[in-house]
Structures are given as structure tokens and as C-alpha cells.
$ cat final.cif   # mmCIF, C-alpha atoms
data_upload
#
loop_
_atom_site.group_PDB
_atom_site.id
_atom_site.type_symbol
_atom_site.label_atom_id
_atom_site.label_comp_id
_atom_site.auth_asym_id
_atom_site.auth_seq_id
_atom_site.Cartn_x
_atom_site.Cartn_y
_atom_site.Cartn_z
ATOM 1 C CA MET J 154 8.005 -21.296 10.146
ATOM 2 C CA GLU J 155 5.049 -22.910 8.440
ATOM 3 C CA ASP J 156 5.769 -25.532 5.838
ATOM 4 C CA THR J 157 8.069 -24.368 3.086
ATOM 5 C CA LEU J 158 5.761 -25.239 0.229
ATOM 6 C CA THR J 159 3.063 -22.890 1.504
ATOM 7 C CA VAL J 160 5.584 -20.067 1.836
ATOM 8 C CA TRP J 161 6.875 -20.511 -1.709
ATOM 9 C CA LEU J 162 3.362 -20.829 -3.126
ATOM 10 C CA VAL J 163 2.397 -17.575 -1.452
ATOM 11 C CA ILE J 164 5.557 -15.819 -2.675
ATOM 12 C CA ALA J 165 5.130 -17.011 -6.256
ATOM 13 C CA GLY J 166 1.409 -16.292 -6.333
ATOM 14 C CA THR J 167 1.824 -12.852 -4.821
ATOM 15 C CA ALA J 168 4.585 -12.008 -7.303
ATOM 16 C CA VAL J 169 2.529 -13.081 -10.323
ATOM 17 C CA ILE J 170 -0.686 -11.354 -9.209
ATOM 18 C CA THR J 171 1.106 -8.150 -8.296
ATOM 19 C CA PHE J 172 3.007 -7.965 -11.570
ATOM 20 C CA CYS J 173 -0.134 -8.604 -13.636
ATOM 21 C CA LEU J 174 -1.991 -5.816 -11.850
ATOM 22 C CA ARG J 175 0.864 -3.369 -12.428
ATOM 23 C CA PHE J 176 1.479 -4.337 -16.026
ATOM 24 C CA SER J 177 -2.223 -4.506 -16.990
ATOM 25 C CA PHE J 178 -2.852 -1.106 -18.475
ATOM 26 C CA ILE J 179 0.732 -0.233 -19.289
ATOM 27 C CA ALA J 180 0.737 -3.270 -21.583
ATOM 28 C CA LEU J 181 -2.762 -2.903 -23.003
ATOM 29 C CA GLN J 182 -2.712 0.880 -23.332
ATOM 30 C CA GLU J 183 -6.090 2.249 -24.326
ATOM 31 C CA ARG J 184 -7.153 -0.908 -26.122
ATOM 32 C CA ILE J 185 -9.662 -1.754 -23.452
ATOM 33 C CA GLU J 186 -11.764 0.629 -21.457
ATOM 34 C CA ILE J 187 -12.955 -0.058 -17.955
ATOM 35 C CA PRO J 188 -16.422 1.112 -16.920
ATOM 36 C CA GLN J 189 -16.786 4.504 -15.264
ATOM 37 C CA VAL J 190 -18.148 2.978 -12.057
ATOM 38 C CA ALA J 191 -15.112 0.730 -11.681
ATOM 39 C CA GLN J 192 -12.737 3.602 -12.436
ATOM 40 C CA ARG J 193 -14.421 5.734 -9.819
ATOM 41 C CA ALA J 194 -14.210 2.964 -7.213
ATOM 42 C CA LEU J 195 -10.543 2.291 -8.064
ATOM 43 C CA ARG J 196 -9.709 5.896 -7.302
ATOM 44 C CA TYR J 197 -10.558 5.149 -3.669
ATOM 45 C CA ALA J 198 -8.609 1.888 -3.507
ATOM 46 C CA PRO J 199 -5.437 3.349 -1.950
ATOM 47 C CA VAL J 200 -7.222 5.154 0.879
ATOM 48 C CA ALA J 201 -9.629 2.264 1.567
ATOM 49 C CA VAL J 202 -6.990 -0.486 1.509
ATOM 50 C CA LEU J 203 -4.342 1.360 3.500
ATOM 51 C CA THR J 204 -6.901 2.421 6.136
ATOM 52 C CA ALA J 205 -8.143 -1.151 6.445
ATOM 53 C CA ILE J 206 -4.555 -2.252 7.108
ATOM 54 C CA VAL J 207 -3.568 0.464 9.561
ATOM 55 C CA VAL J 208 -6.669 0.688 11.775
ATOM 56 C CA PRO J 209 -6.295 -2.826 13.257
ATOM 57 C CA LEU J 210 -2.570 -2.190 13.814
ATOM 58 C CA VAL J 211 -3.473 0.747 16.059
ATOM 59 C CA LEU J 212 -6.813 -0.249 17.641
ATOM 60 C CA ASN J 213 -6.142 -3.979 18.049
ATOM 61 C CA PRO J 214 -9.802 -5.006 17.754
ATOM 62 C CA GLY J 215 -11.121 -8.287 19.145
ATOM 63 C CA PRO J 216 -14.305 -10.283 18.605
ATOM 64 C CA GLY J 217 -17.577 -8.687 19.716
ATOM 65 C CA PHE J 218 -16.708 -5.075 18.839
ATOM 66 C CA THR J 219 -14.013 -4.792 21.476
ATOM 67 C CA LEU J 220 -10.949 -2.608 21.082
ATOM 68 C CA ALA J 221 -7.764 -3.171 23.005
ATOM 69 C CA PRO J 222 -5.402 -0.399 21.955
ATOM 70 C CA ASP J 223 -2.144 0.347 23.696
ATOM 71 C CA SER J 224 -2.977 3.851 24.911
ATOM 72 C CA LEU J 225 0.492 5.280 24.247
ATOM 73 C CA ARG J 226 0.463 3.945 20.684
ATOM 74 C CA LEU J 227 -3.041 5.264 20.135
ATOM 75 C CA ALA J 228 -1.962 8.737 21.265
ATOM 76 C CA CYS J 229 1.105 8.570 18.991
ATOM 77 C CA ALA J 230 -0.978 7.407 16.049
ATOM 78 C CA MET J 231 -3.311 10.385 16.435
ATOM 79 C CA ALA J 232 -0.378 12.772 16.749
ATOM 80 C CA ALA J 233 1.199 11.163 13.677
ATOM 81 C CA PHE J 234 -2.014 11.666 11.728
ATOM 82 C CA LEU J 235 -1.872 15.409 12.420
ATOM 83 C CA LEU J 236 1.864 15.503 11.713
ATOM 84 C CA ALA J 237 1.310 13.712 8.400
ATOM 85 C CA ARG J 238 -1.378 16.163 7.361
ATOM 86 C CA ALA J 239 0.760 19.149 8.307
ATOM 87 C CA SER J 240 4.078 17.955 6.855
ATOM 88 C CA ARG J 241 2.898 15.709 3.994
ATOM 89 C CA ASN J 242 6.140 13.866 4.604
ATOM 90 C CA ILE J 243 6.309 10.189 5.521
ATOM 91 C CA LEU J 244 9.825 10.382 6.947
ATOM 92 C CA PHE J 245 8.825 13.200 9.329
ATOM 93 C CA THR J 246 5.726 11.274 10.303
ATOM 94 C CA VAL J 247 7.614 8.082 11.127
ATOM 95 C CA ALA J 248 10.482 9.866 12.910
ATOM 96 C CA GLY J 249 8.140 12.139 14.872
ATOM 97 C CA GLY J 250 5.832 9.279 15.811
ATOM 98 C CA MET J 251 8.679 7.072 17.037
ATOM 99 C CA LEU J 252 10.316 9.881 19.035
ATOM 100 C CA LEU J 253 6.989 10.612 20.686
ATOM 101 C CA LEU J 254 6.387 6.918 21.431
ATOM 102 C CA TRP J 255 9.828 6.478 22.990
ATOM 103 C CA SER J 256 9.401 9.665 25.063
ATOM 104 C CA LEU J 257 5.985 8.585 26.320
ATOM 105 C CA GLN J 258 7.277 5.086 27.092
ATOM 106 C CA ALA J 259 10.209 6.555 29.024
ATOM 107 C CA VAL J 260 7.828 8.651 31.121
ATOM 108 C CA PHE J 261 4.969 6.218 31.667
ATOM 109 C CA ARG J 262 6.692 2.833 31.857
ATOM 110 C CA MET N 107 16.738 -16.269 0.975
ATOM 111 C CA ALA N 108 12.949 -16.216 0.910
ATOM 112 C CA ALA N 109 13.067 -12.662 2.267
ATOM 113 C CA ALA N 110 15.357 -11.437 -0.520
ATOM 114 C CA ILE N 111 13.455 -13.194 -3.273
ATOM 115 C CA MET N 112 10.110 -11.967 -2.054
ATOM 116 C CA GLY N 113 11.336 -8.374 -1.786
ATOM 117 C CA LEU N 114 12.769 -8.584 -5.289
ATOM 118 C CA LEU N 115 9.871 -10.373 -6.994
ATOM 119 C CA VAL N 116 6.904 -8.865 -5.242
ATOM 120 C CA PHE N 117 8.153 -5.378 -4.329
ATOM 121 C CA ALA N 118 4.873 -4.409 -2.652
ATOM 122 C CA GLY N 119 5.114 -3.827 1.078
ATOM 123 C CA SER N 120 1.518 -3.935 2.207
ATOM 124 C CA ALA N 121 0.833 -7.161 0.302
ATOM 125 C CA GLN N 122 4.019 -8.801 1.619
ATOM 126 C CA LEU N 123 3.090 -7.795 5.147
ATOM 127 C CA VAL N 124 -0.484 -9.022 5.004
ATOM 128 C CA ALA N 125 0.449 -12.233 3.158
ATOM 129 C CA PHE N 126 2.900 -13.212 5.864
ATOM 130 C CA GLN N 127 0.589 -12.318 8.718
ATOM 131 C CA MET N 128 -1.896 -14.661 7.060
ATOM 132 C CA VAL N 129 0.656 -17.448 6.521
ATOM 133 C CA ALA N 130 1.479 -17.221 10.231
ATOM 134 C CA ALA N 131 -2.233 -17.395 11.074
ATOM 135 C CA GLY N 132 -2.658 -20.549 8.984
ATOM 136 C CA VAL N 133 -4.989 -19.008 6.396
ATOM 137 C CA PRO N 134 -5.421 -21.162 3.220
ATOM 138 C CA VAL N 135 -3.213 -20.173 0.283
ATOM 139 C CA LEU N 136 -6.092 -19.296 -2.055
ATOM 140 C CA VAL N 137 -7.619 -16.918 0.477
ATOM 141 C CA ILE N 138 -4.223 -15.290 0.994
ATOM 142 C CA LEU N 139 -3.808 -14.774 -2.744
ATOM 143 C CA PHE N 140 -7.311 -13.358 -3.074
ATOM 144 C CA SER N 141 -6.508 -10.888 -0.299
ATOM 145 C CA VAL N 142 -3.322 -9.907 -2.115
ATOM 146 C CA LEU N 143 -5.385 -9.275 -5.232
ATOM 147 C CA ILE N 144 -7.705 -6.892 -3.384
ATOM 148 C CA ILE N 145 -4.894 -5.121 -1.527
ATOM 149 C CA ASN N 146 -3.035 -4.532 -4.764
ATOM 150 C CA LEU N 147 -6.060 -3.490 -6.828
ATOM 151 C CA ARG N 148 -4.823 0.063 -6.371
ATOM 152 C CA LEU N 149 -1.851 -0.801 -8.596
ATOM 153 C CA VAL N 150 -4.294 -1.088 -11.513
ATOM 154 C CA MET N 151 -5.145 2.544 -10.967
ATOM 155 C CA TYR N 152 -1.457 3.481 -11.038
ATOM 156 C CA SER N 153 -1.060 1.424 -14.198
ATOM 157 C CA ILE N 154 -3.894 3.286 -15.928
ATOM 158 C CA SER N 155 -2.514 6.600 -14.799
ATOM 159 C CA VAL N 156 1.075 6.177 -16.055
ATOM 160 C CA ALA N 157 0.263 4.198 -19.208
ATOM 161 C CA PRO N 158 0.080 7.274 -21.514
ATOM 162 C CA TYR N 159 3.583 8.377 -20.474
ATOM 163 C CA PHE N 160 5.160 5.026 -21.348
ATOM 164 C CA ARG N 161 3.367 4.546 -24.666
ATOM 165 C CA TYR N 162 6.516 5.075 -26.742
ATOM 166 C CA LEU N 163 8.597 2.431 -24.929
ATOM 167 C CA PRO N 164 9.378 -1.120 -26.061
ATOM 168 C CA LEU N 165 7.598 -3.901 -24.192
ATOM 169 C CA LYS N 166 10.679 -4.873 -22.166
ATOM 170 C CA TRP N 167 10.933 -1.379 -20.710
ATOM 171 C CA LYS N 168 7.218 -1.296 -20.011
ATOM 172 C CA ALA N 169 7.458 -4.544 -18.067
ATOM 173 C CA LEU N 170 10.485 -3.334 -16.118
ATOM 174 C CA LEU N 171 8.875 -0.016 -15.187
ATOM 175 C CA ALA N 172 5.559 -1.688 -14.350
ATOM 176 C CA HIS N 173 7.394 -3.761 -11.769
ATOM 177 C CA MET N 174 8.690 -0.524 -10.173
ATOM 178 C CA LEU N 175 5.210 0.895 -9.584
ATOM 179 C CA THR N 176 4.922 1.132 -5.816
ATOM 180 C CA ASP N 177 2.882 3.771 -3.995
ATOM 181 C CA GLN N 178 5.915 5.987 -3.572
ATOM 182 C CA VAL N 179 7.464 5.549 -7.017
ATOM 183 C CA TYR N 180 4.063 6.203 -8.570
ATOM 184 C CA ALA N 181 3.638 9.389 -6.559
ATOM 185 C CA PHE N 182 7.086 10.726 -7.504
ATOM 186 C CA THR N 183 6.769 9.762 -11.141
ATOM 187 C CA VAL N 184 3.356 11.257 -11.748
ATOM 188 C CA LEU N 185 4.137 14.522 -9.987
ATOM 189 C CA HIS N 186 7.287 14.870 -12.091
ATOM 190 C CA PHE N 187 5.560 14.015 -15.377
ATOM 191 C CA GLU N 188 2.676 16.366 -14.677
ATOM 192 C CA SER N 189 4.929 19.302 -13.926
ATOM 193 C CA ARG N 190 7.189 18.595 -16.950
ATOM 194 C CA PRO N 191 5.018 16.918 -19.572
ATOM 195 C CA ASP N 192 7.618 17.300 -22.341
ATOM 196 C CA SER N 193 10.652 16.080 -20.392
ATOM 197 C CA PRO N 194 12.601 13.446 -22.310
ATOM 198 C CA ASN N 195 13.758 10.113 -20.879
ATOM 199 C CA LYS N 196 10.785 9.647 -18.585
ATOM 200 C CA HIS N 197 11.667 5.974 -18.357
ATOM 201 C CA TRP N 198 15.049 6.745 -16.780
ATOM 202 C CA TYR N 199 13.361 8.936 -14.188
ATOM 203 C CA THR N 200 11.007 6.136 -13.148
ATOM 204 C CA LEU N 201 13.807 3.569 -13.192
ATOM 205 C CA GLY N 202 15.890 5.825 -10.936
ATOM 206 C CA ALA N 203 13.040 6.258 -8.490
ATOM 207 C CA GLY N 204 12.361 2.520 -8.551
ATOM 208 C CA LEU N 205 15.970 1.528 -7.906
ATOM 209 C CA THR N 206 16.406 4.154 -5.192
ATOM 210 C CA LEU N 207 13.504 2.572 -3.377
ATOM 211 C CA GLY N 208 14.046 -1.031 -4.459
ATOM 212 C CA VAL N 209 17.710 -1.611 -3.565
ATOM 213 C CA PRO N 210 17.337 -0.546 0.091
ATOM 214 C CA TRP N 211 14.007 -2.400 0.157
ATOM 215 C CA VAL N 212 15.615 -5.746 -0.657
ATOM 216 C CA ILE N 213 18.623 -5.128 1.617
ATOM 217 C CA ALA N 214 16.368 -4.073 4.488
ATOM 218 C CA GLY N 215 14.165 -7.124 3.927
ATOM 219 C CA VAL N 216 17.147 -9.428 4.296
ATOM 220 C CA ALA N 217 18.430 -7.479 7.299
ATOM 221 C CA GLY N 218 15.023 -7.771 8.929
ATOM 222 C CA PHE N 219 15.004 -11.499 8.276
ATOM 223 C CA LEU N 220 18.496 -11.964 9.765
ATOM 224 C CA LEU N 221 18.320 -9.477 12.651
ATOM 225 C CA GLY N 222 14.589 -9.265 13.337
ATOM 226 C CA ALA N 223 14.546 -11.836 16.101
ATOM 227 C CA SER N 224 17.441 -10.201 17.966
ATOM 228 C CA ILE N 225 15.922 -6.703 18.106
ATOM 229 C CA PRO N 226 14.245 -6.260 21.508
ATOM 230 C CA ARG N 227 10.474 -5.909 21.413
ATOM 231 C CA SER N 228 10.787 -2.989 23.816
ATOM 232 C CA TRP N 229 12.158 -0.846 20.965
ATOM 233 C CA SER N 230 8.645 -0.982 19.488
ATOM 234 C CA LEU N 231 10.040 -0.850 15.945
ATOM 235 C CA ASP N 232 6.900 -2.585 14.675
ATOM 236 C CA PHE N 233 5.088 0.711 15.252
ATOM 237 C CA THR N 234 6.982 2.269 12.305
ATOM 238 C CA LEU N 235 4.727 0.158 10.113
ATOM 239 C CA ALA N 236 1.561 1.820 11.414
ATOM 240 C CA LEU N 237 3.264 5.216 11.159
ATOM 241 C CA THR N 238 4.233 4.630 7.530
ATOM 242 C CA PHE N 239 0.662 3.810 6.569
ATOM 243 C CA ILE N 240 -0.623 6.815 8.526
ATOM 244 C CA GLY N 241 1.892 8.959 6.631
ATOM 245 C CA LEU N 242 0.491 7.654 3.342
ATOM 246 C CA VAL N 243 -3.209 7.857 4.190
ATOM 247 C CA ALA N 244 -3.536 11.064 6.211
ATOM 248 C CA PRO N 245 -2.549 13.475 3.405
ATOM 249 C CA ALA N 246 -4.598 11.480 0.878
ATOM 250 C CA VAL N 247 -7.869 12.247 2.653
ATOM 251 C CA LYS N 248 -8.754 15.504 0.963
ATOM 252 C CA ASP N 249 -12.381 15.457 -0.191
ATOM 253 C CA ARG N 250 -15.743 13.923 0.552
ATOM 254 C CA GLY N 251 -15.010 10.725 -1.395
ATOM 255 C CA THR N 252 -11.671 9.937 0.229
ATOM 256 C CA LEU N 253 -13.081 10.782 3.672
ATOM 257 C CA ALA N 254 -16.011 8.409 3.126
ATOM 258 C CA ALA N 255 -13.639 5.690 1.880
ATOM 259 C CA ALA N 256 -11.344 6.023 4.911
ATOM 260 C CA LEU N 257 -14.119 6.177 7.523
ATOM 261 C CA THR N 258 -16.023 3.270 6.009
ATOM 262 C CA ALA N 259 -12.949 1.056 5.646
ATOM 263 C CA GLY N 260 -11.871 1.875 9.212
ATOM 264 C CA VAL N 261 -15.262 1.115 10.772
ATOM 265 C CA VAL N 262 -15.889 -2.012 8.710
ATOM 266 C CA VAL N 263 -12.473 -3.531 9.402
ATOM 267 C CA VAL N 264 -13.126 -3.269 13.154
ATOM 268 C CA ALA N 265 -16.707 -4.531 12.854
ATOM 269 C CA ALA N 266 -15.653 -7.440 10.632
ATOM 270 C CA VAL N 267 -12.723 -8.612 12.731
ATOM 271 C CA ALA N 268 -14.583 -11.798 13.686
ATOM 272 C CA LEU N 269 -14.942 -12.934 10.057
ATOM 273 C CA PRO N 270 -13.014 -16.165 9.426
ATOM 274 C CA MET N 271 -9.754 -16.295 7.487
ATOM 275 C CA ARG N 272 -9.148 -12.580 7.863
ATOM 276 C CA LEU N 273 -11.804 -11.768 5.293
ATOM 277 C CA GLY N 274 -12.492 -8.548 7.203
ATOM 278 C CA LEU N 275 -9.669 -6.795 5.347
ATOM 279 C CA ILE N 276 -11.144 -7.523 1.919
ATOM 280 C CA THR N 277 -14.648 -6.643 3.112
ATOM 281 C CA ALA N 278 -13.445 -3.345 4.536
ATOM 282 C CA ALA N 279 -11.401 -2.429 1.456
ATOM 283 C CA LEU N 280 -14.288 -3.094 -0.929
ATOM 284 C CA ALA N 281 -16.774 -1.300 1.345
ATOM 285 C CA GLY N 282 -14.437 1.702 1.506
ATOM 286 C CA MET N 283 -14.059 1.827 -2.283
ATOM 287 C CA ALA N 284 -17.830 1.616 -2.749
ATOM 288 C CA ALA N 285 -18.432 4.312 -0.149
ATOM 289 C CA GLY N 286 -15.920 6.617 -1.819
ATOM 290 C CA ALA N 287 -17.485 6.184 -5.243
ATOM 291 C CA TRP N 288 -20.962 6.625 -3.802
ATOM 292 C CA ALA N 289 -20.065 9.785 -1.856
ATOM 293 C CA GLU N 290 -18.477 11.318 -4.951
ATOM 294 C CA ARG N 291 -21.528 10.603 -7.056
ATOM 295 C CA TRP N 292 -23.847 12.009 -4.427
ATOM 296 C CA LYS N 293 -21.830 15.231 -4.421
ATOM 297 C CA THR N 294 -21.910 15.773 -8.184
ATOM 298 C CA ARG N 295 -25.671 15.404 -8.455
#
$ encode --input "final.cif" --output "C-alpha cells"
Amino acid sequence: MEDTLTVWLVIAGTAVITFCLRFSFIALQERIEIPQVAQRALRYAPVAVLTAIVVPLVLNPGPGFTLAPDSLRLACAMAAFLLARASRNILFTVAGGMLLLWSLQAVFR
Amino acid sequence: MAAAIMGLLVFAGSAQLVAFQMVAAGVPVLVILFSVLIINLRLVMYSISVAPYFRYLPLKWKALLAHMLTDQVYAFTVLHFESRPDSPNKHWYTLGAGLTLGVPWVIAGVAGFLLGASIPRSWSLDFTLALTFIGLVAPAVKDRGTLAAALTAGVVVVAAVALPMRLGLITAALAGMAAGAWAERWKTR
């Protein structure tokens, strides 16, 4: 593992930042108002952030606009997307996606 | 030890995940923390959204419940409060949801730390991570704004992969948020 000080700095910093973000408006209540534009942009934070995390996990992009996805995982990710939209259930999505991945791996590897 | 303490203190999966990918990649601490800030900006939105329901609570309770605000606990809590606006003891409901999620979260974090290296790679358990995020995002794309946010963030994160210090993630997240806000505004005109 990288040097211990770095790890602890990251843990402490992440904990403090995360708590402040969560506590912000619960603590302040309606005493401050954030601008409409910022509120509107914040509404899209979950979708934007989570997509930015998951897309590289599936597509495995490299420098120069190259993509190197594992084709079985890519197929499972697309199936999981449809399953998630149909079931609106994360547990189903994860279980279904893993079962499909293991089945495909058993057949093709 | 670090695994348990981080799970307990941070209690935010996507930030923990990204922070440790970045530590492993040798990214400077300040850049890691800035990334965490952007990733967790969405928690501000949750904070705004639940604040009216917790107005009557003492500060200690507010702090405790704020710490419980994960994507899932937020979703459960708000759905419950919206369907039963006059239900008493809202704080116990949120605490219950938070503990139900939090206790296994910390235990699983420690288990992962202890057992992770001995689980064969061929089980592909790392793919559950991608599936979890897909399960969160896919149902959330439901109008022009969220579609624009998802498409933009997805395209930008791939295009920006060559940026140093993993700044592509922040760039993509901010671009997605801007695109969502812009698409919504364009619609209402």
C-alpha cells in the first residue's frame, strides 16, 4: 500500500468534506438561499456523477479515444441497464447481471 | 482498521471507491479531495431536500441523520416522507434506514479488506460495482435533462480519459450537470 500518511490524510479529508456537504443545508435550514442556476445544476449531479463513474468501468477507455471493453461485460452492462429500467430494483439488477456474466463466461471461456 | 474507520466515517461508497483508485494511481492528495468534493456534490441536493423534515430536531440529531444521507437512505426517506407527510418520528425512520445500510456496509468493508485478496479474479465480483451504479442511474434517466446529463457525462469521461491526475471524472461530472440544466431550460422556453 502507498505510504500510510497519504491514506490517513485521504480518509480524514474525505470524511470531513463528505460530512460538511451532507450537513450543510440540514444545519443552515432556509437561512441561506442558493441561486436557481446552481439548484438546477445540482439536480443533475447524481446522474452526471454516477454515469461518469460507471462508463469507464464498462468501456475501459484508453488514450486517443480508444475503447477496450470486455465484450461479455459490455453485453451484461447493457442487459443490466434494461433490467434496471424494467425492475427499478438494484438487487435484481446486480443479481441478474452477475448471473448473466457467469453464464456467458461459462459458455464462451 | 483503515477499512472499518473509512466505512464508518465517510459512509459514501462512490467517493471511497474513487479516492482509493486515485491513491493507488499516485494522484496528489489535494486533487483526490477535490474529486471527492465534486463526486459528493449531490449530497448537498439531498441535504436541501430533507432539511424541512428535520427542522424540529435538536442539532445532535440533525448531525447524526446528516451522516446517514447516502443515495439509498435518501431515496427511502424522501419517498416515505412524501407519502406520509404527517407521520411522527421521522428521525427514527431515517436512523433505521441508515443503520440497516450502515452496519452491513462497515462489516462488508472489513470483510473485503481481509478476504479481498483471496477471492479469485475469475469470479468477476468487481463487476457488481458497475452493476450497482447501473441500477442507480438507469431508472433515474427519465426526462430530457437527466438524459442530457447522462449522455454528456458518459461521452466526456471517455473523451477526457487522457487528462492528467484523473481530472476527466470531475470534468465529465460538471459537464453533465451543466448539460442537464441547459437542456431543462431549453425545454421550458
$ axis_aligned_box --input "final.cif" --around "stretch 165-184 of chain J" --padding-each-side "8 Å" --output "lines of an AutoDock Vina configuration file"
center_x = -1.0
center_y = -7.4
center_z = -15.5
size_x = 28.3
size_y = 35.3
size_z = 37.3
$ atom_distance --input "final.cif" --atom1 "atom CA of N:Val137" --atom2 "atom CA of N:Met271"
7.4 Å
$ interface_residues --input "final.cif" --of "chain N" --to "chain J" --cutoff "7 Å" --atoms "only C-alpha atoms" --output "PyMOL selection string"
chain N and resi 112+115-116+130+135+139+142-143+145-151+153-154+157+168-169+172-173+175+234+236-246+252+255-256+259-260+263-265+267-268+275+278-279+282-284+286-287
$ atom_distance --input "final.cif" --atom1 "atom CA of N:Phe126" --atom2 "atom CA of J:Ala232"
28.4 Å
$ atom_distance --input "final.cif" --atom1 "atom CA of N:Val133" --atom2 "atom CA of N:Val216"
24.2 Å
$ closest_residue --input "final.cif" --among "N:Ala125, N:Leu170, N:Val156, N:Met107" --to "N:Thr183" --atoms "all atoms listed in the file"
N:Val156
$ residues_around --input "final.cif" --residues "N:Tyr159" --least-positions-apart "2" --cutoff "9 Å" --atoms "all atoms listed in the file" --output "VMD selection string"
chain N and resid 155 to 157 161 to 163 187 191 196 to 197
$ closest_residue --input "final.cif" --among "N:Pro226, N:Leu231, N:Ala266, N:Trp292" --to "N:Ala254" --atoms "all atoms listed in the file"
N:Trp292
$ residues_around --input "final.cif" --residues "N:Tyr199" --least-positions-apart "2" --cutoff "10 Å" --atoms "all atoms listed in the file" --output "number ranges by chain"
N: 179, 182-183, 186-187, 193-197, 201-204
$ resolve_selection --input "final.cif" --expression "the PyMOL selection byres ((chain N and resi 110) around 12)" --output "JSON, numbers by chain"
{"J": [164], "N": [107, 108, 109, 111, 112, 113, 114, 115, 116, 117, 122, 208, 209, 210, 211, 212, 213, 214, 215, 216, 217, 218, 219, 220]}
$ decode --input "final.cif" --residues "stretch 109-116 of chain N" --atoms "all heavy atoms" --output "short mmCIF file (atom, residue, chain, number, x, y, z; two decimals), in the first residue's frame"
data_model
loop_
_atom_site.label_atom_id
_atom_site.label_comp_id
_atom_site.auth_asym_id
_atom_site.auth_seq_id
_atom_site.Cartn_x
_atom_site.Cartn_y
_atom_site.Cartn_z
N ALA N 109 -9.98 0.23 6.76
CA ALA N 109 -11.21 -0.08 6.04
C ALA N 109 -12.43 0.20 6.91
O ALA N 109 -13.40 0.83 6.48
CB ALA N 109 -11.21 -1.54 5.59
N ALA N 110 -12.37 -0.25 8.18
CA ALA N 110 -13.51 -0.06 9.08
C ALA N 110 -13.72 1.42 9.37
O ALA N 110 -14.84 1.93 9.33
CB ALA N 110 -13.27 -0.81 10.39
N ILE N 111 -12.65 2.12 9.64
CA ILE N 111 -12.76 3.53 10.00
C ILE N 111 -13.26 4.35 8.83
O ILE N 111 -14.12 5.22 8.97
CB ILE N 111 -11.40 4.05 10.51
CG1 ILE N 111 -11.15 3.44 11.89
CG2 ILE N 111 -11.40 5.57 10.60
CD1 ILE N 111 -9.87 3.86 12.52
N MET N 112 -12.78 4.02 7.63
CA MET N 112 -13.25 4.77 6.48
C MET N 112 -14.73 4.51 6.23
O MET N 112 -15.49 5.44 5.99
CB MET N 112 -12.45 4.42 5.24
CG MET N 112 -12.81 5.33 4.09
SD MET N 112 -11.62 5.29 2.77
CE MET N 112 -11.97 6.82 1.94
N GLY N 113 -15.16 3.26 6.31
CA GLY N 113 -16.56 2.95 6.11
C GLY N 113 -17.43 3.70 7.10
O GLY N 113 -18.49 4.23 6.76
N LEU N 114 -16.98 3.75 8.35
CA LEU N 114 -17.74 4.37 9.43
C LEU N 114 -17.78 5.90 9.28
O LEU N 114 -18.82 6.53 9.41
CB LEU N 114 -17.07 4.00 10.75
CG LEU N 114 -17.90 4.06 12.02
CD1 LEU N 114 -19.05 3.10 11.90
CD2 LEU N 114 -17.02 3.68 13.20
N LEU N 115 -16.62 6.49 8.99
CA LEU N 115 -16.51 7.95 8.98
C LEU N 115 -17.01 8.57 7.69
O LEU N 115 -17.59 9.65 7.70
CB LEU N 115 -15.05 8.38 9.21
CG LEU N 115 -14.46 8.16 10.58
CD1 LEU N 115 -13.07 8.74 10.65
CD2 LEU N 115 -15.35 8.78 11.66
N VAL N 116 -16.75 7.91 6.59
CA VAL N 116 -17.09 8.51 5.31
C VAL N 116 -18.49 8.09 4.89
O VAL N 116 -19.34 8.93 4.58
CB VAL N 116 -16.06 8.13 4.22
CG1 VAL N 116 -16.46 8.75 2.90
CG2 VAL N 116 -14.67 8.59 4.63
#
